[in-house]
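Colleague: Data file my_file-v8.csv (CSV, C-alpha atoms and all ligand atoms) is appended below.
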```csv
chain,number,residue,atom,x,y,z
A,1,MET,CA,244.4,61.3,318.4
A,2,LEU,CA,247.3,63.6,319.4
A,3,GLY,CA,246.7,67.2,318.3
A,4,VAL,CA,249.9,68.6,316.7
A,5,GLY,CA,250.7,72.2,315.9
A,6,VAL,CA,253.4,72.9,313.3
A,7,LEU,CA,255.5,76.1,313.4
A,8,ILE,CA,257.2,77.1,310.1
A,9,SER,CA,259.0,80.0,308.5
A,10,GLY,CA,259.7,78.8,305.0
A,11,SER,CA,259.2,76.1,302.4
A,12,GLY,CA,257.6,73.6,304.7
A,13,THR,CA,258.8,70.3,303.2
A,14,ASN,CA,258.9,68.8,306.6
A,15,LEU,CA,255.4,70.1,307.2
A,16,GLN,CA,254.4,68.3,304.0
A,17,ALA,CA,255.9,65.1,305.2
A,18,ILE,CA,254.0,65.4,308.5
A,19,LEU,CA,250.7,66.3,306.7
A,20,ASP,CA,251.2,63.3,304.4
A,21,ARG,CA,251.7,60.9,307.3
A,22,ALA,CA,248.7,62.5,309.2
A,23,ALA,CA,246.5,61.7,306.1
A,24,ASP,CA,247.0,58.1,307.1
A,25,GLY,CA,244.5,57.9,309.9
A,26,ARG,CA,246.4,55.2,311.7
A,27,CYS,CA,249.4,57.4,312.6
A,28,GLY,CA,247.9,58.5,315.9
A,29,PHE,CA,248.3,62.3,315.3
A,30,ARG,CA,246.4,65.0,313.5
A,31,VAL,CA,247.7,68.5,312.5
A,32,GLN,CA,245.3,70.9,314.1
A,33,LEU,CA,247.1,74.2,313.2
A,34,VAL,CA,250.0,75.5,311.2
A,35,VAL,CA,251.6,78.8,312.3
A,36,SER,CA,254.1,80.8,310.3
A,37,ASN,CA,255.9,83.9,311.5
A,38,ARG,CA,256.3,84.9,307.9
A,39,ALA,CA,253.3,85.8,305.6
A,40,ASP,CA,255.2,84.7,302.5
A,41,ALA,CA,256.2,81.3,303.7
A,42,PRO,CA,255.4,78.8,300.9
A,43,GLY,CA,254.6,76.2,303.5
A,44,LEU,CA,251.3,78.0,304.2
A,45,ALA,CA,250.0,76.8,300.8
A,46,ARG,CA,250.7,73.3,301.9
A,47,ALA,CA,248.5,73.7,304.9
A,48,ALA,CA,245.7,75.1,302.8
A,49,ALA,CA,246.0,72.3,300.3
A,50,ALA,CA,245.7,69.8,303.1
A,51,GLY,CA,242.7,71.6,304.5
A,52,VAL,CA,244.5,72.4,307.8
A,53,PRO,CA,243.9,75.8,309.5
A,54,ALA,CA,246.9,78.1,309.2
A,55,ARG,CA,247.7,81.4,310.8
A,56,VAL,CA,250.4,84.0,310.3
A,57,ILE,CA,251.7,85.5,313.6
A,58,ASP,CA,254.5,88.0,312.7
A,59,HIS,CA,257.2,88.1,315.3
A,60,ARG,CA,257.9,91.7,314.3
A,61,SER,CA,254.6,92.8,315.8
A,62,PHE,CA,255.8,91.9,319.3
A,63,GLY,CA,258.2,93.8,321.6
A,64,THR,CA,259.9,90.7,323.1
A,65,ARG,CA,260.4,87.0,322.3
A,66,GLU,CA,258.2,86.2,325.3
A,67,ALA,CA,255.3,88.3,324.0
A,68,PHE,CA,255.6,86.6,320.6
A,69,ASP,CA,255.6,83.2,322.3
A,70,ALA,CA,252.6,84.1,324.4
A,71,ALA,CA,250.7,84.8,321.2
A,72,LEU,CA,251.8,81.4,319.8
A,73,VAL,CA,250.7,79.6,323.0
A,74,ALA,CA,247.2,81.3,322.8
A,75,ALA,CA,246.8,80.2,319.2
A,76,LEU,CA,248.0,76.7,319.8
A,77,ARG,CA,245.8,76.3,322.9
A,78,GLU,CA,242.8,77.6,321.0
A,79,ALA,CA,243.4,74.9,318.4
A,80,GLU,CA,243.7,72.3,321.1
A,81,VAL,CA,247.2,71.5,320.2
A,82,GLU,CA,249.0,69.0,322.6
A,83,LEU,CA,252.4,68.7,320.8
A,84,VAL,CA,254.3,71.4,319.0
A,85,ALA,CA,256.6,70.6,316.1
A,86,LEU,CA,259.1,73.2,315.0
A,87,ALA,CA,259.7,72.6,311.3
A,88,GLY,CA,262.1,75.1,309.8
A,89,PHE,CA,260.9,77.7,312.3
A,90,ASP,CA,263.5,80.4,312.4
A,91,ARG,CA,262.9,81.9,315.8
A,92,LEU,CA,264.4,80.9,319.1
A,93,VAL,CA,261.6,79.9,321.5
A,94,THR,CA,261.5,80.9,325.2
A,95,ARG,CA,260.3,79.3,328.4
A,96,VAL,CA,256.9,80.8,327.7
A,97,LEU,CA,256.3,78.3,325.0
A,98,LEU,CA,258.3,75.5,326.7
A,99,ALA,CA,256.4,75.9,330.0
A,100,ALA,CA,253.0,75.7,328.2
A,101,PHE,CA,254.0,72.4,326.5
A,102,PRO,CA,256.4,70.7,328.9
A,103,ALA,CA,258.4,68.0,327.1
A,104,ARG,CA,256.0,68.4,324.2
A,105,VAL,CA,258.0,70.7,321.8
A,106,LEU,CA,260.0,68.9,319.1
A,107,ASN,CA,262.5,70.3,316.6
A,108,ILE,CA,264.4,68.9,313.6
A,109,HIS,CA,268.0,69.9,312.8
A,110,PRO,CA,269.9,69.0,309.7
A,111,ALA,CA,272.9,67.4,311.4
A,112,LEU,CA,273.8,64.7,313.8
A,113,LEU,CA,273.6,66.7,317.0
A,114,PRO,CA,275.6,67.6,319.0
A,115,ALA,CA,277.6,68.3,315.9
A,116,PHE,CA,277.0,71.4,313.8
A,117,LYS,CA,274.4,73.3,315.8
A,118,GLY,CA,272.9,76.5,314.5
A,119,LEU,CA,272.6,77.8,311.0
A,120,HIS,CA,274.1,76.3,307.8
A,121,ALA,CA,274.6,72.9,309.3
A,122,GLN,CA,275.2,71.3,305.9
A,123,ARG,CA,277.9,73.9,305.1
A,124,GLN,CA,279.5,73.3,308.5
A,125,ALA,CA,279.6,69.5,307.8
A,126,LEU,CA,281.3,70.1,304.4
A,127,ASP,CA,283.8,72.5,305.8
A,128,TYR,CA,284.7,70.2,308.7
A,129,GLY,CA,285.2,67.3,306.3
A,130,VAL,CA,282.9,64.7,308.0
A,131,LYS,CA,282.1,61.6,306.0
A,132,ILE,CA,278.8,61.0,307.7
A,133,THR,CA,276.2,63.5,308.7
A,134,GLY,CA,272.4,63.4,309.0
A,135,ALA,CA,269.4,64.7,310.8
A,136,THR,CA,268.1,64.8,314.4
A,137,VAL,CA,264.7,65.1,315.9
A,138,HIS,CA,265.0,66.3,319.5
A,139,LEU,CA,263.0,67.7,322.3
A,140,VAL,CA,263.4,71.4,322.6
A,141,ASP,CA,264.9,73.0,325.8
A,142,GLU,CA,266.1,76.5,326.4
A,143,ASP,CA,269.5,76.0,324.7
A,144,MET,CA,269.6,76.0,320.9
A,145,ASP,CA,269.7,72.5,319.2
A,146,HIS,CA,270.4,71.0,322.6
A,147,GLY,CA,267.4,69.0,324.1
A,148,PRO,CA,267.2,65.2,324.4
A,149,ILE,CA,267.5,63.3,321.2
A,150,VAL,CA,264.5,61.2,320.0
A,151,VAL,CA,265.5,59.9,316.5
A,152,GLN,CA,268.5,60.4,314.2
A,153,GLY,CA,269.1,59.3,310.7
A,154,ALA,CA,272.5,59.3,308.9
A,155,VAL,CA,273.6,60.0,305.4
A,156,PRO,CA,277.0,59.8,303.6
A,157,VAL,CA,278.9,62.9,302.6
A,158,TYR,CA,280.6,62.5,299.2
A,159,ALA,CA,283.7,64.3,298.0
A,160,ASP,CA,281.8,66.0,295.2
A,161,ASP,CA,278.9,67.2,297.4
A,162,THR,CA,277.7,70.7,297.4
A,163,GLU,CA,275.7,72.4,300.1
A,164,ALA,CA,272.6,71.8,297.8
A,165,THR,CA,273.2,68.1,297.1
A,166,LEU,CA,273.9,67.5,300.8
A,167,ARG,CA,270.8,69.4,301.8
A,168,GLU,CA,268.6,67.3,299.5
A,169,ARG,CA,270.1,64.0,300.9
A,170,ILE,CA,269.5,65.1,304.5
A,171,LEU,CA,266.0,66.4,303.7
A,172,ALA,CA,265.0,62.9,302.5
A,173,VAL,CA,266.0,61.6,306.0
A,174,GLU,CA,264.3,64.5,307.7
A,175,HIS,CA,261.0,63.6,305.9
A,176,ALA,CA,261.3,60.0,307.2
A,177,ILE,CA,262.2,60.7,310.8
A,178,TYR,CA,260.0,63.7,311.7
A,179,PRO,CA,256.7,62.0,311.0
A,180,LEU,CA,258.1,58.8,312.7
A,181,ALA,CA,259.0,60.7,315.8
A,182,LEU,CA,255.6,62.3,316.0
A,183,GLN,CA,254.0,58.9,315.7
A,184,LEU,CA,256.2,57.5,318.5
A,185,VAL,CA,255.1,60.3,320.7
A,186,ALA,CA,251.5,59.8,319.7
A,187,GLU,CA,251.8,56.1,320.6
A,188,GLY,CA,253.1,57.0,324.0
A,189,ARG,CA,256.4,55.2,323.5
A,190,LEU,CA,258.8,57.9,324.6
A,191,VAL,CA,260.5,57.6,328.0
A,192,VAL,CA,262.6,60.7,328.8
A,193,GLU,CA,265.1,60.4,331.6
A,194,GLY,CA,267.4,63.4,331.7
A,195,ARG,CA,269.1,63.6,328.3
A,196,ARG,CA,268.2,60.0,327.4
A,197,VAL,CA,265.1,59.2,325.5
A,198,THR,CA,264.1,55.5,325.3
A,199,ILE,CA,261.6,54.3,322.8
A,200,ARG,CA,259.4,51.5,324.2
A,201,GLY,CA,258.6,48.5,322.0
A,202,PRO,CA,260.1,47.1,318.9
A,203,ARG,CA,262.9,49.0,317.2
A,204,PRO,CA,264.1,48.9,313.6
A,205,THR,CA,266.5,46.1,312.8
A,206,GLY,CA,269.8,47.5,311.8
A,207,GLY,CA,271.1,47.3,308.2
A,208,PRO,CA,274.8,47.1,307.4
A,209,PRO,CA,277.0,49.7,309.0
A,210,LEU,CA,277.4,53.0,307.0
A,211,ILE,CA,281.0,53.2,306.0
A,212,VAL,CA,282.0,56.1,303.9
A,213,TRP,CA,285.2,57.4,302.3
A,301,LIG,C1,265.2,71.7,307.5
A,301,LIG,O1,266.5,71.4,307.0
A,301,LIG,C2,265.2,71.6,309.0
A,301,LIG,O2,266.0,70.6,309.5
A,301,LIG,C3,265.7,73.0,309.4
A,301,LIG,O3,265.2,73.9,308.5
A,301,LIG,C4,264.9,73.2,307.3
A,301,LIG,C5,263.4,73.4,307.0
A,301,LIG,O4,263.1,72.9,305.7
A,301,LIG,N1,265.4,73.3,310.8
A,301,LIG,P1,261.5,72.9,305.3
A,301,LIG,O5,260.9,74.2,305.5
A,301,LIG,O6,260.8,71.8,306.2
A,301,LIG,O7,261.5,72.5,303.9
```
I need this file expressed as structure tokens, please.
Ligand code: GRF
Modeller:
Amino acid sequence: MLGVGVLISGSGTNLQAILDRAADGRCGFRVQLVVSNRADAPGLARAAAAGVPARVIDHRSFGTREAFDAALVAALREAEVELVALAGFDRLVTRVLLAAFPARVLNIHPALLPAFKGLHAQRQALDYGVKITGATVHLVDEDMDHGPIVVQGAVPVYADDTEATLRERILAVEHAIYPLALQLVAEGRLVVEGRRVTIRGPRPTGGPPLIVW
């Protein structure tokens, strides 16, 4: 059973999707610890409801990003975490965390990377006028929203979309692909070669192409 630690800052709907999948004992992973850098993150209640230990580690108590990450590493190690999932975690991580969990830190981003990195990805997609966007689960490296891509899911962008409607549509995809990605890691199916991640074994059969106007 792969021990997962989930780092959050906010509402934690991705955390919820991960907890829900973990409740199915066949998924191959278990959430050992949830850490929030914000004491008022609603996601903390989701951990409590699932009976998963949760801690608040406030980044403002530390002088540097590295010192904050060292505290995260200590808490994650103490909880015997093997894989770290950033889920709406609003801090940039440093090599202190990445070196402690080499190729074992995942993030989810609400766009089809490499498009629309950074904040307000849904707004960026609307402003740019793309017809298709989506969500990406990727391995974290030292550059923001940059590491090797594990799974992506696409959604249409409609002419009457607002940031809120697009966010909801993308979140539904996020909630499907993040637990899936964790399960693929837990099953030992990832092969990482440079930027390219190959998933061993059967892959989903494609539906019709997504054509949007
Ligand atoms: C998600 O859109 C995620 O892709 C982004 O932050 C948001 C977090 O949402 N990194 P939640 O806290 O999981 O509800």
Colleague: Within 9 Å of ligand LIG 301 (chain A), counting only C-alpha atoms and all ligand atoms: which residues, as a compact mmCIF listing (two decimals) with C-alpha atoms, keeping the file's coordinate frame?
Modeller:
```txt
# COMPACT_ATOMS: atom_id res chain seq x y z
CA ILE A 8 257.20 77.10 310.10
CA SER A 9 259.00 80.00 308.50
CA GLY A 10 259.70 78.80 305.00
CA SER A 11 259.20 76.10 302.40
CA GLY A 12 257.60 73.60 304.70
CA THR A 13 258.80 70.30 303.20
CA ASN A 14 258.90 68.80 306.60
CA LEU A 15 255.40 70.10 307.20
CA GLN A 16 254.40 68.30 304.00
CA ALA A 17 255.90 65.10 305.20
CA ALA A 41 256.20 81.30 303.70
CA PRO A 42 255.40 78.80 300.90
CA GLY A 43 254.60 76.20 303.50
CA LEU A 86 259.10 73.20 315.00
CA ALA A 87 259.70 72.60 311.30
CA GLY A 88 262.10 75.10 309.80
CA PHE A 89 260.90 77.70 312.30
CA ASP A 90 263.50 80.40 312.40
CA ASN A 107 262.50 70.30 316.60
CA ILE A 108 264.40 68.90 313.60
CA HIS A 109 268.00 69.90 312.80
CA PRO A 110 269.90 69.00 309.70
CA ALA A 111 272.90 67.40 311.40
CA GLY A 118 272.90 76.50 314.50
CA LEU A 119 272.60 77.80 311.00
CA ALA A 121 274.60 72.90 309.30
CA GLN A 122 275.20 71.30 305.90
CA ALA A 135 269.40 64.70 310.80
CA THR A 136 268.10 64.80 314.40
CA VAL A 137 264.70 65.10 315.90
CA ARG A 167 270.80 69.40 301.80
CA GLU A 168 268.60 67.30 299.50
CA ILE A 170 269.50 65.10 304.50
CA LEU A 171 266.00 66.40 303.70
CA GLU A 174 264.30 64.50 307.70
CA HIS A 175 261.00 63.60 305.90
```
Colleague: Using all atoms listed in the file, which residue out of A:Leu184, A:Val150, A:Ala39, A:Glu163 lies closest to A:Pro202?
Modeller: A:Leu184
Colleague: What is the distance, in Å and to one decimal place, between atom CA of A:Gln183 and atom CA of A:Ala48?
Modeller: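 Atom-to-atom, atom CA of A:Gln183 to atom CA of A:Ala48, that is 22.3 Å.
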Colleague: Here is a test: counting all atoms listed in the file, which residue of A:Asn37, A:Thr133, A:Thr165, A:Gln32 is nearest to A:Met1?
Modeller: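 Closest to A:Met1 of all the choices is A:Gln32.
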Colleague: If you measure from atom CA of A:Ala103 to atom CA of A:Ala75, what distance in Å do you get, rounded to one decimal?
Modeller: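 Distance reported for this atom pair: 18.6 Å.
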Colleague: Of the candidates A:Asp20, A:Glu193, A:Gly28, A:Ala74, which shows the shortest atom-to-atom distance to A:Val52, using only C-alpha atoms?
Modeller: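 Smallest separation from A:Val52 among the options: A:Asp20.
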Colleague: What separation in Å, quoted to one decimal, exists between atom CA of A:Val130 and atom CA of A:Gln152?
Modeller: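 Calculated distance between atom CA of A:Val130 and atom CA of A:Gln152 is 16.3 Å.
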Colleague: Which neighbours of A:Val197 fall inside 9 Å, counting only C-alpha atoms, when residues of the same chain fewer than 6 positions from it are skipped, and could you give them as a PyMOL selection string?
Modeller: chain A and resi 148-150+190-191
Colleague: Taking all atoms listed in the file into account, which of A:Ala159, A:Arg55, A:Ala45, A:Val96 comes nearest A:Gly129?
Modeller: A:Ala159
Colleague: Kindly indicate which residue among A:Leu139, A:Val34, A:Leu182, A:Ala154 lies nearest to A:Arg195, using only C-alpha atoms for the distances.
Modeller: A:Leu139
Colleague: Starting from the point (257.2, 88.6, 327.9), work out which residues of protein, DNA or RNA have an atom no more than 12 Å away when counting only C-alpha atoms; state them as an mmCIF file with C-alpha atoms, in the frame of the given file.
Modeller:
```
data_model
loop_
_atom_site.group_PDB
_atom_site.id
_atom_site.type_symbol
_atom_site.label_atom_id
_atom_site.label_comp_id
_atom_site.auth_asym_id
_atom_site.auth_seq_id
_atom_site.Cartn_x
_atom_site.Cartn_y
_atom_site.Cartn_z
ATOM 1 C CA PHE A 62 255.800 91.900 319.300
ATOM 2 C CA GLY A 63 258.200 93.800 321.600
ATOM 3 C CA THR A 64 259.900 90.700 323.100
ATOM 4 C CA ARG A 65 260.400 87.000 322.300
ATOM 5 C CA GLU A 66 258.200 86.200 325.300
ATOM 6 C CA ALA A 67 255.300 88.300 324.000
ATOM 7 C CA PHE A 68 255.600 86.600 320.600
ATOM 8 C CA ASP A 69 255.600 83.200 322.300
ATOM 9 C CA ALA A 70 252.600 84.100 324.400
ATOM 10 C CA ALA A 71 250.700 84.800 321.200
ATOM 11 C CA VAL A 93 261.600 79.900 321.500
ATOM 12 C CA THR A 94 261.500 80.900 325.200
ATOM 13 C CA ARG A 95 260.300 79.300 328.400
ATOM 14 C CA VAL A 96 256.900 80.800 327.700
ATOM 15 C CA LEU A 97 256.300 78.300 325.000
#
```
Colleague: When distances are computed from all atoms listed in the file, which of A:Leu98, A:Leu72, A:Val35, A:Leu7 shows the smallest separation from A:Val56?
Modeller: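 When distances to A:Val56 are compared using all atoms listed in the file, the smallest one comes from A:Val35.
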